[in-house]
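These notes are about the structure you will find just below.
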Amino acid sequence: ATARASVVVARPRPPPREVSCESLARQGRRRAISSVVAVVAASTLGWRAPPPCHATSSDEEISSLRAKAVDAFSSRDFPAARDALRRLARLEPDNPSWREALGQCYVDAGEESDFASAAEEFSSALAMIDAADLESRARILSNRALAWEGAGRWDDALGDYDAALAAANDAGLPPDPYVLNSRGVCLAAMGRYASARDAFLSSARAFGDAGGVNTARNNKIRGDGYTFAASNAALTLAQLGDVDAARAEMERVSRRAPGNVDMRAGLAAIYWSEGRGEDAEREWEFACDRISVGCSKYRSREWLTNVRRWPPRMVELLESFLRVS
């Protein structure tokens with residue numbers, strides 16, 4: 001519930017499938033981990049995982065350490081995972097998989113993330129891979145870019161994302177839609193909003209064009225990815241000054257993904273700025289009370305600016321709306 005009077009007719013019904021922008025941001029900036037050896041293995045939409053690690057005379061010890069690393073990572077015990085991976089790196093100093101996995105551990109450690117160490121590990125992995133292994137190069141570059149993002153080094157992140165896309169292209173692979181979206185995030189952080197919008201639109205198109213097996217899981221990945229990129233494009237359009245067109249795009253995204261809190265909150269902000277108080281209240285109440293992830297984080301300027309990364313104009317519009325509550 002909120003401090004506002006609800007204008008939504010309260011009828012019991014299942015809530016729309018939620019689209020959490022925070023979870024999409026995490027998903028969109030790294031691939032699902034199927035094992036620590038194959039860290040950031042490509043999703044069903046993108047690049048493939050690296051080949052299995054090299055066989056050595058210490059196979060039994062390596063197998064045991066690998067299992068420990070996987071178990072520790074799965075339980076989010078990152079210190080234990082890093083310990084196992086460092087031991088693996090000492091046993092196989094020329095195997096880039098362990099360095100790449102260490103980098104991912106440093107990125108994924110939440111409040112204990114160490115982005116500088118992550119970038120260092122990814123750089124070591126890059127130096128070890130075969131120059132002809134363009135798929136691995138693309139994958140590791142995109143992960144080092146994520147580390148640069150975490151460190152706020154936007155120029156370096158953008159450079160690595162561009163290099164990752166170039167390597168994938170040279171390998172005959174289509175552009176990774178997650179990387180295209182991340183390029184937009186970097187460009188927006190640098191104040192280059194027109195270029196950022198182009199990147200977000202390219203990401204949305206790439207999600208729409210993505211192939212793969214037609215399963216419910218893959219369709220959800222494509223649909224959620226498209227929604228996230230299209231939402232970013234609409235928010236950026238408002239920053240560029242075309243609020244009318246931004247509203248129209250948000251309405252289209254919201255119709256396609258009614259469980260998207262982001263666009264409900266964005267529409268509430270814009271409707272309020274246009275004097276459409278009842279429409280604004282309706283969207284906000286729906287986001288807060290009818291979608292399971294709720295709207296509480298959207299009350300935090302710090303979260304909205306530094307985690308969700310709304311552009312300044314949209315942050316101002318939403319804060320103006322929330323001041324009356």
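Scheme for the structure tokens: letters A, B, ... for chains in order shown; per-chain residue numbers from 1; ligand numbers from 1 in order shown.
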
* Asked: Excluding same-chain residues fewer than 6 positions from Ala248 (chain A), what lies within 12 Å of it counting only C-alpha atoms, as number ranges by chain?
  -> A: 230-231, 233-235, 237-238, 242, 254-255, 263, 266-267, 270-271

* Contact residues around Asp262 (chain A) with only C-alpha atoms at 12 Å, ignoring same-chain residues under 4 positions, as a PyMOL selection string -> chain A and resi 18-22+24+227-232+234-235+250-251+253-254+257-258+266-269+283-284+286-288+291+293-298+304+308-310+314-315+318

* Nearest to Gly191 (chain A) by atom-to-atom distance, counting only C-alpha atoms, from A:Ala210, A:Val70, A:Leu240, A:Ala163 ->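 The closest residue to Gly191 (chain A) is A:Leu240.
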
* DSSP helix (DSSP H, G or I) residues within region 230-266 of chain A, listed as number ranges by chain -> A: 230-239, 243-256, 261-266
